[in-house]
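Engineer: One file is attached below, query-v7.txt, containing compact mmCIF, C-alpha atoms.
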```
# COMPACT_ATOMS: atom_id res chain seq x y z
CA MET A 853 47.96 121.63 41.92
CA THR A 854 50.46 118.87 42.54
CA THR A 855 50.54 117.17 45.94
CA VAL A 856 53.85 115.72 47.06
CA SER A 857 53.32 112.73 49.31
CA THR A 858 55.80 111.68 51.97
CA PRO A 859 56.92 108.05 51.69
CA PRO A 860 55.66 105.83 54.54
CA ALA A 861 59.20 105.02 55.64
CA ALA A 862 60.07 108.69 55.92
CA ARG A 863 56.88 109.40 57.88
CA ALA A 864 57.67 106.54 60.27
CA THR A 865 61.20 107.82 60.72
CA ALA A 866 60.05 111.37 61.35
CA ALA A 867 57.45 110.20 63.86
CA GLU A 868 59.78 107.82 65.70
CA PRO A 869 60.48 109.18 69.19
CA PRO A 870 64.04 109.38 70.48
CA ALA A 871 65.29 106.47 72.51
CA ARG A 872 64.55 106.70 76.21
CA PHE A 873 67.52 106.49 78.53
CA ARG A 874 66.07 103.48 80.33
CA ASP A 875 65.87 101.71 76.96
CA LEU A 876 69.53 102.50 76.36
CA LEU A 877 70.35 101.09 79.79
CA ALA A 878 68.46 97.89 78.99
CA SER A 879 70.24 97.61 75.64
CA GLU A 880 73.68 98.04 77.18
CA TRP A 881 72.82 95.57 79.91
CA LEU A 882 71.90 92.94 77.32
CA LYS A 883 75.04 93.60 75.30
CA LEU A 884 77.21 93.29 78.39
CA TRP A 885 75.85 89.86 79.28
CA SER A 886 75.43 88.57 75.73
CA LEU A 887 78.96 87.19 75.76
CA ARG A 888 79.65 84.14 77.90
CA SER A 889 83.18 85.38 78.46
CA THR A 890 81.80 88.29 80.49
CA VAL A 891 80.40 85.99 83.15
CA TRP A 892 83.61 83.97 83.27
CA ALA A 893 85.69 87.11 83.63
CA TYR A 894 83.82 88.12 86.76
CA VAL A 895 83.72 84.61 88.22
CA LEU A 896 87.41 83.90 87.62
CA GLY A 897 88.40 87.38 88.77
CA THR A 898 86.55 86.87 92.05
CA LEU A 899 88.01 83.42 92.62
CA VAL A 900 91.60 84.48 91.93
CA VAL A 901 91.36 87.55 94.18
CA LEU A 902 89.90 85.38 96.95
CA ALA A 903 92.67 82.84 96.41
CA PHE A 904 95.35 85.50 96.91
CA ASN A 905 93.75 86.83 100.09
CA VAL A 906 92.85 83.47 101.60
CA GLY A 907 96.23 81.99 100.69
CA ALA A 908 98.16 84.81 102.36
CA THR A 909 95.91 84.63 105.43
CA TYR A 910 96.20 80.89 105.78
CA ASP A 911 99.98 81.14 105.51
CA ARG A 912 100.02 83.56 108.44
CA TYR A 913 97.60 81.33 110.37
CA ARG A 914 99.66 78.21 109.72
CA TYR A 915 102.89 79.72 111.04
CA TRP A 916 101.26 81.72 113.82
CA THR A 917 103.01 79.81 116.60
CA GLU A 918 106.44 80.48 115.10
CA HIS A 919 106.13 84.17 116.03
CA ASN A 920 106.94 85.26 119.56
CA ALA A 921 104.33 86.59 121.96
CA ALA A 922 105.29 90.22 121.34
CA ASP A 923 104.84 89.87 117.58
CA ARG A 924 101.48 88.18 118.02
CA ALA A 925 100.32 90.92 120.37
CA ASP A 926 101.45 93.61 117.93
CA PHE A 927 99.60 91.82 115.13
CA VAL A 928 96.35 92.15 117.02
CA ALA A 929 96.86 95.59 118.55
CA GLY A 930 98.27 97.16 115.38
CA GLY A 931 95.38 96.15 113.16
CA ILE A 932 97.65 94.09 110.93
CA ALA A 933 94.81 91.64 110.44
CA LEU A 934 93.17 94.14 108.09
CA MET A 935 96.16 93.85 105.75
CA TYR A 936 95.00 90.30 105.04
CA ALA A 937 91.43 91.36 104.33
CA TYR A 938 92.60 92.58 100.92
CA THR A 939 96.27 92.07 100.15
CA THR A 940 98.38 94.19 97.83
CA ASN A 941 98.69 91.33 95.35
CA ALA A 942 94.91 90.93 95.28
CA GLY A 943 94.48 94.67 94.75
CA THR A 944 96.93 94.60 91.87
CA LEU A 945 95.05 91.74 90.25
CA MET A 946 91.73 93.52 90.74
CA MET A 947 93.06 96.67 89.08
CA LEU A 948 94.25 94.65 86.09
CA THR A 949 91.03 92.63 85.82
CA ALA A 950 88.69 95.60 86.21
CA GLY A 951 90.70 97.77 83.83
CA ALA A 952 90.75 95.03 81.19
CA ILE A 953 87.00 94.39 81.51
CA GLY A 954 86.28 98.10 81.14
CA ALA A 955 88.55 98.31 78.11
CA VAL A 956 87.07 95.30 76.34
CA ALA A 957 83.54 96.54 77.03
CA ILE A 958 84.08 99.33 74.48
CA THR A 959 86.95 98.17 72.26
CA GLY A 960 85.08 94.95 71.49
CA GLU A 961 82.33 97.01 69.87
CA TYR A 962 84.83 99.00 67.82
CA SER A 963 86.56 95.84 66.59
CA THR A 964 83.30 94.19 65.49
CA GLY A 965 81.76 97.37 64.09
CA LEU A 966 78.79 97.09 66.44
CA ILE A 967 79.46 100.60 67.71
CA ARG A 968 78.67 102.05 64.26
CA THR A 969 75.37 100.19 64.19
CA THR A 970 74.54 101.46 67.66
CA PHE A 971 75.31 105.07 66.76
CA ALA A 972 73.34 104.77 63.53
CA ALA A 973 70.31 103.56 65.46
CA VAL A 974 70.77 106.12 68.25
CA PRO A 975 72.46 109.30 67.01
CA ALA A 976 72.58 110.69 70.57
CA ARG A 977 76.05 109.29 71.19
CA ARG A 978 76.53 110.91 74.55
CA SER A 979 73.39 109.21 75.81
CA VAL A 980 74.63 105.86 74.53
CA MET A 981 77.99 106.26 76.23
CA ALA A 982 76.36 107.53 79.42
CA ALA A 983 74.29 104.34 79.48
CA LYS A 984 77.44 102.26 78.98
CA VAL A 985 79.13 104.09 81.86
CA CYS A 986 76.13 103.57 84.16
CA VAL A 987 75.86 99.86 83.41
CA LEU A 988 79.60 99.25 83.75
CA THR A 989 79.77 101.22 87.00
CA THR A 990 76.86 99.31 88.51
CA VAL A 991 78.15 95.87 87.56
CA MET A 992 81.73 96.63 88.59
CA THR A 993 80.57 98.03 91.93
CA VAL A 994 78.64 94.84 92.68
CA PHE A 995 81.61 92.78 91.52
CA GLY A 996 83.98 94.73 93.74
CA ALA A 997 81.62 94.68 96.73
CA VAL A 998 81.08 90.92 96.58
CA THR A 999 84.81 90.26 96.25
CA ALA A 1000 85.75 92.66 99.06
CA ALA A 1001 83.06 91.34 101.42
CA LEU A 1002 83.99 87.70 100.84
CA SER A 1003 87.70 88.46 101.23
CA PHE A 1004 87.11 90.23 104.53
CA TRP A 1005 84.86 87.51 105.91
CA LEU A 1006 87.07 84.58 104.90
CA SER A 1007 90.36 86.14 105.98
CA GLN A 1008 89.10 87.24 109.38
CA ALA A 1009 87.35 83.91 109.95
CA ILE A 1010 90.69 82.16 109.47
CA LEU A 1011 92.56 84.54 111.77
CA ALA A 1012 89.79 84.35 114.36
CA ARG A 1013 90.85 80.76 115.08
CA HIS A 1014 93.86 82.33 116.80
CA ASP A 1015 91.77 85.20 118.21
CA ALA A 1016 93.58 87.53 115.82
CA GLY A 1017 90.78 88.48 113.46
CA VAL A 1018 88.77 91.69 113.51
CA SER A 1019 85.06 92.34 112.97
CA ILE A 1020 83.43 94.71 110.53
CA ALA A 1021 82.62 96.99 113.48
CA ASP A 1022 86.28 97.46 114.42
CA PRO A 1023 87.99 100.75 113.48
CA GLY A 1024 89.12 100.82 109.87
CA SER A 1025 87.27 97.69 108.76
CA TRP A 1026 84.56 99.47 106.79
CA ARG A 1027 87.13 101.72 105.13
CA VAL A 1028 89.14 98.74 103.90
CA VAL A 1029 86.06 96.96 102.55
CA VAL A 1030 84.55 100.03 100.86
CA ALA A 1031 87.85 101.18 99.34
CA SER A 1032 88.53 97.68 98.00
CA ALA A 1033 85.00 97.43 96.62
CA LEU A 1034 85.29 100.78 94.82
CA LEU A 1035 88.65 99.84 93.31
CA ALA A 1036 86.80 97.78 90.69
CA PRO A 1037 84.49 100.50 89.26
CA VAL A 1038 87.24 103.13 89.34
CA CYS A 1039 89.65 100.96 87.36
CA GLY A 1040 86.86 99.72 85.10
CA LEU A 1041 85.98 103.29 84.15
CA VAL A 1042 89.64 104.08 83.52
CA GLY A 1043 89.81 101.09 81.17
CA MET A 1044 86.69 102.21 79.31
CA ALA A 1045 87.96 105.79 78.96
CA LEU A 1046 91.25 104.57 77.53
CA GLY A 1047 89.35 102.24 75.21
CA VAL A 1048 87.33 105.15 73.84
CA LEU A 1049 90.55 107.06 73.14
CA LEU A 1050 92.58 104.20 71.66
CA ARG A 1051 89.85 101.95 70.17
CA HIS A 1052 92.15 98.93 70.03
CA GLY A 1053 91.85 96.10 72.52
CA ALA A 1054 95.50 95.10 72.94
CA ALA A 1055 96.80 98.68 72.96
CA THR A 1056 94.20 99.67 75.53
CA VAL A 1057 94.96 96.79 77.89
CA VAL A 1058 98.69 97.56 77.70
CA THR A 1059 97.99 101.23 78.46
CA VAL A 1060 95.79 100.21 81.39
CA VAL A 1061 98.67 98.19 82.82
CA VAL A 1062 101.05 101.11 82.38
CA VAL A 1063 98.73 103.71 83.92
CA LEU A 1064 97.46 101.64 86.83
CA LEU A 1065 100.42 99.40 87.65
CA VAL A 1066 103.68 100.64 86.09
CA VAL A 1067 103.52 104.39 86.66
CA PRO A 1068 103.12 104.02 90.46
CA LEU A 1069 106.40 102.09 90.53
CA VAL A 1070 108.24 105.02 88.94
CA PHE A 1071 107.24 107.68 91.45
CA ALA A 1072 108.29 107.32 95.07
CA ASP A 1073 107.11 109.60 97.86
CA ASP A 1074 110.56 110.67 99.07
CA ARG A 1075 110.53 113.90 97.01
CA HIS A 1076 107.71 116.42 97.00
CA TRP A 1077 107.02 116.49 93.25
CA ALA A 1078 107.17 112.71 93.02
CA ALA A 1079 104.93 112.36 96.06
CA VAL A 1080 102.36 114.68 94.48
CA VAL A 1081 102.24 112.52 91.34
CA ASP A 1082 102.19 109.30 93.35
CA HIS A 1083 99.36 110.51 95.58
CA ALA A 1084 97.30 111.44 92.53
CA LEU A 1085 97.23 107.85 91.23
CA PRO A 1086 94.29 105.50 91.96
CA SER A 1087 96.51 102.63 93.09
CA SER A 1088 98.27 104.81 95.63
CA ALA A 1089 94.94 106.17 96.85
CA TRP A 1090 93.68 102.65 97.41
CA MET A 1091 96.83 101.64 99.30
CA ARG A 1092 96.51 104.75 101.49
CA LEU A 1093 92.93 103.83 102.37
CA VAL A 1094 93.56 100.18 103.20
CA ASP A 1095 96.78 100.72 105.18
CA ILE A 1096 95.33 101.43 108.61
CA ARG A 1097 98.81 101.57 110.15
CA TYR A 1098 99.54 104.66 108.03
CA ASP A 1099 97.16 106.66 110.23
CA ALA A 1100 99.37 106.17 113.26
CA GLY A 1101 102.74 106.33 111.49
CA GLY A 1102 102.10 109.23 109.11
CA ALA A 1103 104.22 111.57 111.23
CA GLY A 1104 107.38 109.74 110.18
CA ILE A 1105 106.62 109.90 106.45
CA PRO A 1106 108.26 112.75 104.45
CA PHE A 1107 105.09 113.83 102.64
CA PRO A 1108 102.07 112.24 104.33
CA TRP A 1109 98.57 112.65 103.01
CA THR A 1110 95.10 112.29 104.41
CA VAL A 1111 92.29 109.80 104.06
CA GLY A 1112 90.12 112.57 102.63
CA GLY A 1113 92.72 113.23 99.97
CA ALA A 1114 92.76 109.57 98.98
CA TRP A 1115 88.94 109.48 98.69
CA THR A 1116 89.10 112.62 96.57
CA VAL A 1117 91.59 110.99 94.19
CA PHE A 1118 89.28 108.00 93.86
CA ALA A 1119 86.32 110.24 93.05
CA LEU A 1120 88.21 112.41 90.55
CA TRP A 1121 89.53 109.44 88.61
CA ALA A 1122 86.07 107.91 88.38
CA LEU A 1123 84.38 111.17 87.34
CA GLY A 1124 87.17 112.11 84.95
CA ALA A 1125 87.17 108.69 83.26
CA ALA A 1126 83.38 108.76 82.94
CA ALA A 1127 83.52 112.23 81.37
CA VAL A 1128 86.15 111.12 78.85
CA ALA A 1129 84.12 108.05 77.92
CA VAL A 1130 80.96 110.11 77.37
CA PHE A 1131 82.32 113.20 75.62
CA ALA A 1132 85.37 111.93 73.70
CA THR A 1133 83.26 109.76 71.43
CA GLN A 1134 81.11 112.71 70.39
CA ARG A 1135 84.08 114.91 69.58
CA ARG A 1136 86.08 112.27 67.72
CA ASP A 1137 83.21 110.94 65.59
CA GLN A 1138 81.68 114.18 64.35
```
Would you mind giving the structure from this file in structure tokens?
Structural biologist:
Amino acid sequence: MTTVSTPPAARATAAEPPARFRDLLASEWLKLWSLRSTVWAYVLGTLVVLAFNVGATYDRYRYWTEHNAADRADFVAGGIALMYAYTTNAGTLMMLTAGAIGAVAITGEYSTGLIRTTFAAVPARRSVMAAKVCVLTTVMTVFGAVTAALSFWLSQAILARHDAGVSIADPGSWRVVVASALLAPVCGLVGMALGVLLRHGAATVVTVVVVLLVVPLVFADDRHWAAVVDHALPSSAWMRLVDIRYDAGGAGIPFPWTVGGAWTVFALWALGAAAVAVFATQRRDQ
């Protein structure tokens, strides 16, 4: 009787347990911070966003006395101070920065071939991508929260020297800060989802710019169909959430929409982008 022995390597492979999800999270965390450029991207992104917000606020503070008493009173009563907590230019830059970081987080692995090594080591590709999504979402949320909190505090501290600033307890303040903080993870996930589909760094970044920044310029809200498309975009949802004056002036807008609708758009874009990032890789690489 002949006995067929199993090679030691094969026995080790057969006995090797599948990777635990927490191990995948740790691996993705290390890969994210292994590049020095990652740290600089977050630091520079924060500083530039703060520069836009603080610069616009200081400009208003510097020329405060050139406005008449009625304008100054309207500035305080109308909640205009919150517009300086996170300006439109800063939001645009955050969308671009977050989308690019999310894109590079996955396209960089495709360009170097590291993604093939990862999938060879861990065949459960959905688990790998789910870990990437979790790590990116966590880091981008912290990045967005720190930037939004600092922007609010610095801008209102400057305006407070003219008794024109607002506190975090004032109506609308929390909504502006939270919406601005969540802008980073939403756009980061969009960038990652597009990176999974396109797998090319430059093409993905260009597509991120088109989806997040160019498309909203094409659709105005003066016609119903265009308003529906515009309201379904993450940039428009963010602008709806941070524009506190919209709440009082919505009656004069042709096709107004609600705060709840804007939060829903935010959530759907984040969940949809995460789903694409997790499941598209499995379907395309089978």
Engineer: When you count all atoms listed in the file, which of these residues is closest to A:Ala955: A:Val900, A:Leu1002, A:Ala1016, A:Val985?
Structural biologist: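 Of all the options, A:Val985 lies closest to A:Ala955.
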Engineer: Taking (73.9, 103.3, 73.4) in the file's own coordinates, collect the residues within 9 Å, counting only C-alpha atoms, and hand them back as an NGL selection string.
Structural biologist: :A and (873 or 875-877 or 879-880 or 967 or 970-971 or 973-984)
Engineer: Tell me which protein, DNA and RNA residues are within 12 Å of A:Leu1120, counting all atoms listed in the file, leaving out same-chain ones fewer than 4 positions away, and put them as a list in words.
Structural biologist: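 Contacts, with the query itself left out: Val1038, Cys1039, Leu1041, Val1042, Ala1084, Leu1085, Pro1086, Ala1089, Gly1113, Ala1114, Trp1115, Thr1116, Gly1124, Ala1125, Ala1126, Ala1127 and Val1128 of chain A.
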Engineer: Output C-alpha atoms of each residue in that selection to a file, as a PDB file, in the coordinates of the input.
Structural biologist:
```pdb
ATOM      1  CA  VAL A1038      87.240 103.130  89.340  1.00  0.00           C
ATOM      2  CA  CYS A1039      89.650 100.960  87.360  1.00  0.00           C
ATOM      3  CA  LEU A1041      85.980 103.290  84.150  1.00  0.00           C
ATOM      4  CA  VAL A1042      89.640 104.080  83.520  1.00  0.00           C
ATOM      5  CA  ALA A1084      97.300 111.440  92.530  1.00  0.00           C
ATOM      6  CA  LEU A1085      97.230 107.850  91.230  1.00  0.00           C
ATOM      7  CA  PRO A1086      94.290 105.500  91.960  1.00  0.00           C
ATOM      8  CA  ALA A1089      94.940 106.170  96.850  1.00  0.00           C
ATOM      9  CA  GLY A1113      92.720 113.230  99.970  1.00  0.00           C
ATOM     10  CA  ALA A1114      92.760 109.570  98.980  1.00  0.00           C
ATOM     11  CA  TRP A1115      88.940 109.480  98.690  1.00  0.00           C
ATOM     12  CA  THR A1116      89.100 112.620  96.570  1.00  0.00           C
ATOM     13  CA  GLY A1124      87.170 112.110  84.950  1.00  0.00           C
ATOM     14  CA  ALA A1125      87.170 108.690  83.260  1.00  0.00           C
ATOM     15  CA  ALA A1126      83.380 108.760  82.940  1.00  0.00           C
ATOM     16  CA  ALA A1127      83.520 112.230  81.370  1.00  0.00           C
ATOM     17  CA  VAL A1128      86.150 111.120  78.850  1.00  0.00           C
TER      18      VAL A1128
END
```
Engineer: Between atom CA of A:Ala1001 and atom CA of A:Ala1129, what is the distance, to one decimal in Å?
Structural biologist: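 Separation of atom CA of A:Ala1001 and atom CA of A:Ala1129: 28.9 Å.
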Engineer: Have a look at atom CA of A:Arg968 and atom CA of A:Val1063 and let me know their distance in Å, one decimal.
Structural biologist: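 Separation of atom CA of A:Arg968 and atom CA of A:Val1063: 28.1 Å.
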Engineer: At what distance in Å, to one decimal, does atom CA of A:Ser1003 lie from atom CA of A:Leu1065?
Structural biologist: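 Rounded to one decimal, the two atoms are 21.6 Å apart.
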Engineer: Could you check which of A:Leu966, A:Val1018, A:Ala957, A:Val998 is closest to A:Ala937, using only C-alpha atoms?
Structural biologist: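 Closest to A:Ala937 of all the choices is A:Val1018.
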Engineer: Tell me which protein, DNA and RNA residues are within 12 Å of A:Gly1024, counting only C-alpha atoms, leaving out same-chain ones fewer than 5 positions away, and put them as JSON, numbers by chain.
Structural biologist: {"A": [930, 931, 932, 933, 934, 935, 937, 1018, 1019, 1029, 1030, 1031, 1092, 1093, 1094, 1095, 1096, 1097, 1098, 1099, 1111]}
Engineer: Go ahead and find all residues with at least one atom no further than 12 Å from (83.9, 95.3, 99.7) in the file's coordinates, using all atoms listed in the file; report them as number ranges by chain.
Structural biologist: A: 898, 902, 937-938, 943, 992-1005, 1020, 1025-1037, 1094
Engineer: Skipping near chain neighbours, those fewer than 5 positions away, what residues fall within 12 Å of A:Tyr910 using only C-alpha atoms, listed as a PyMOL selection string?
Structural biologist: chain A and resi 902-905+915-916+933+936-937+1006-1014
Engineer: Could you give me, as a count of residues only, the residues within 7 Å of A:Phe1071, counting all atoms listed in the file and dropping anything in the same chain fewer than 3 positions from it?
Structural biologist: 6
Engineer: Please supply stretch 978-989 of chain A, rebuilt with all heavy atoms, as an mmCIF file, in the frame of the given file.
Structural biologist:
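And here's out-v7.cif as it stands now:
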```cif
data_model
loop_
_atom_site.group_PDB
_atom_site.id
_atom_site.type_symbol
_atom_site.label_atom_id
_atom_site.label_comp_id
_atom_site.auth_asym_id
_atom_site.auth_seq_id
_atom_site.Cartn_x
_atom_site.Cartn_y
_atom_site.Cartn_z
ATOM 1 N N ARG A 978 76.238 110.685 73.144
ATOM 2 C CA ARG A 978 76.530 110.910 74.550
ATOM 3 C C ARG A 978 75.587 110.102 75.442
ATOM 4 O O ARG A 978 75.999 109.581 76.482
ATOM 5 C CB ARG A 978 76.419 112.397 74.877
ATOM 6 C CG ARG A 978 77.512 113.246 74.245
ATOM 7 C CD ARG A 978 77.325 114.717 74.589
ATOM 8 N NE ARG A 978 78.342 115.531 73.946
ATOM 9 C CZ ARG A 978 78.376 116.859 73.993
ATOM 10 N NH1 ARG A 978 77.423 117.517 74.650
ATOM 11 N NH2 ARG A 978 79.338 117.524 73.378
ATOM 12 N N SER A 979 74.350 109.997 75.037
ATOM 13 C CA SER A 979 73.390 109.210 75.810
ATOM 14 C C SER A 979 73.772 107.731 75.789
ATOM 15 O O SER A 979 73.678 107.032 76.815
ATOM 16 C CB SER A 979 71.984 109.393 75.251
ATOM 17 O OG SER A 979 71.561 110.736 75.365
ATOM 18 N N VAL A 980 74.202 107.251 74.634
ATOM 19 C CA VAL A 980 74.630 105.860 74.530
ATOM 20 C C VAL A 980 75.811 105.591 75.453
ATOM 21 O O VAL A 980 75.828 104.609 76.216
ATOM 22 C CB VAL A 980 74.994 105.501 73.076
ATOM 23 C CG1 VAL A 980 75.611 104.104 73.008
ATOM 24 C CG2 VAL A 980 73.770 105.578 72.179
ATOM 25 N N MET A 981 76.798 106.460 75.396
ATOM 26 C CA MET A 981 77.990 106.260 76.230
ATOM 27 C C MET A 981 77.674 106.444 77.703
ATOM 28 O O MET A 981 78.254 105.764 78.560
ATOM 29 C CB MET A 981 79.090 107.226 75.786
ATOM 30 C CG MET A 981 79.623 106.971 74.385
ATOM 31 S SD MET A 981 80.166 105.254 74.127
ATOM 32 C CE MET A 981 81.438 105.098 75.372
ATOM 33 N N ALA A 982 76.765 107.358 78.018
ATOM 34 C CA ALA A 982 76.360 107.530 79.420
ATOM 35 C C ALA A 982 75.703 106.255 79.935
ATOM 36 O O ALA A 982 75.916 105.846 81.088
ATOM 37 C CB ALA A 982 75.421 108.719 79.557
ATOM 38 N N ALA A 983 74.908 105.602 79.089
ATOM 39 C CA ALA A 983 74.290 104.340 79.480
ATOM 40 C C ALA A 983 75.345 103.258 79.696
ATOM 41 O O ALA A 983 75.264 102.466 80.642
ATOM 42 C CB ALA A 983 73.291 103.897 78.412
ATOM 43 N N LYS A 984 76.352 103.219 78.815
ATOM 44 C CA LYS A 984 77.440 102.260 78.980
ATOM 45 C C LYS A 984 78.162 102.487 80.305
ATOM 46 O O LYS A 984 78.478 101.544 81.039
ATOM 47 C CB LYS A 984 78.448 102.384 77.832
ATOM 48 C CG LYS A 984 77.962 101.870 76.492
ATOM 49 C CD LYS A 984 79.072 101.989 75.458
ATOM 50 C CE LYS A 984 78.587 101.539 74.092
ATOM 51 N NZ LYS A 984 78.324 100.080 74.088
ATOM 52 N N VAL A 985 78.428 103.753 80.615
ATOM 53 C CA VAL A 985 79.130 104.090 81.860
ATOM 54 C C VAL A 985 78.291 103.668 83.060
ATOM 55 O O VAL A 985 78.830 103.097 84.031
ATOM 56 C CB VAL A 985 79.427 105.602 81.900
ATOM 57 C CG1 VAL A 985 79.833 106.026 83.305
ATOM 58 C CG2 VAL A 985 80.529 105.947 80.906
ATOM 59 N N CYS A 986 77.001 103.925 83.037
ATOM 60 C CA CYS A 986 76.130 103.570 84.160
ATOM 61 C C CYS A 986 76.082 102.066 84.376
ATOM 62 O O CYS A 986 76.182 101.581 85.514
ATOM 63 C CB CYS A 986 74.728 104.122 83.932
ATOM 64 S SG CYS A 986 74.596 105.918 84.047
ATOM 65 N N VAL A 987 75.943 101.318 83.296
ATOM 66 C CA VAL A 987 75.860 99.860 83.410
ATOM 67 C C VAL A 987 77.188 99.294 83.910
ATOM 68 O O VAL A 987 77.219 98.447 84.819
ATOM 69 C CB VAL A 987 75.475 99.230 82.057
ATOM 70 C CG1 VAL A 987 75.625 97.711 82.100
ATOM 71 C CG2 VAL A 987 74.042 99.601 81.699
ATOM 72 N N LEU A 988 78.286 99.745 83.324
ATOM 73 C CA LEU A 988 79.600 99.250 83.750
ATOM 74 C C LEU A 988 79.856 99.585 85.215
ATOM 75 O O LEU A 988 80.329 98.730 85.982
ATOM 76 C CB LEU A 988 80.698 99.847 82.874
ATOM 77 C CG LEU A 988 82.122 99.410 83.253
ATOM 78 C CD1 LEU A 988 82.348 97.951 82.881
ATOM 79 C CD2 LEU A 988 83.170 100.296 82.570
ATOM 80 N N THR A 989 79.542 100.809 85.620
ATOM 81 C CA THR A 989 79.770 101.220 87.000
ATOM 82 C C THR A 989 78.963 100.365 87.966
ATOM 83 O O THR A 989 79.477 99.929 89.012
ATOM 84 C CB THR A 989 79.406 102.699 87.187
ATOM 85 O OG1 THR A 989 80.181 103.500 86.294
ATOM 86 C CG2 THR A 989 79.672 103.150 88.619
#
```
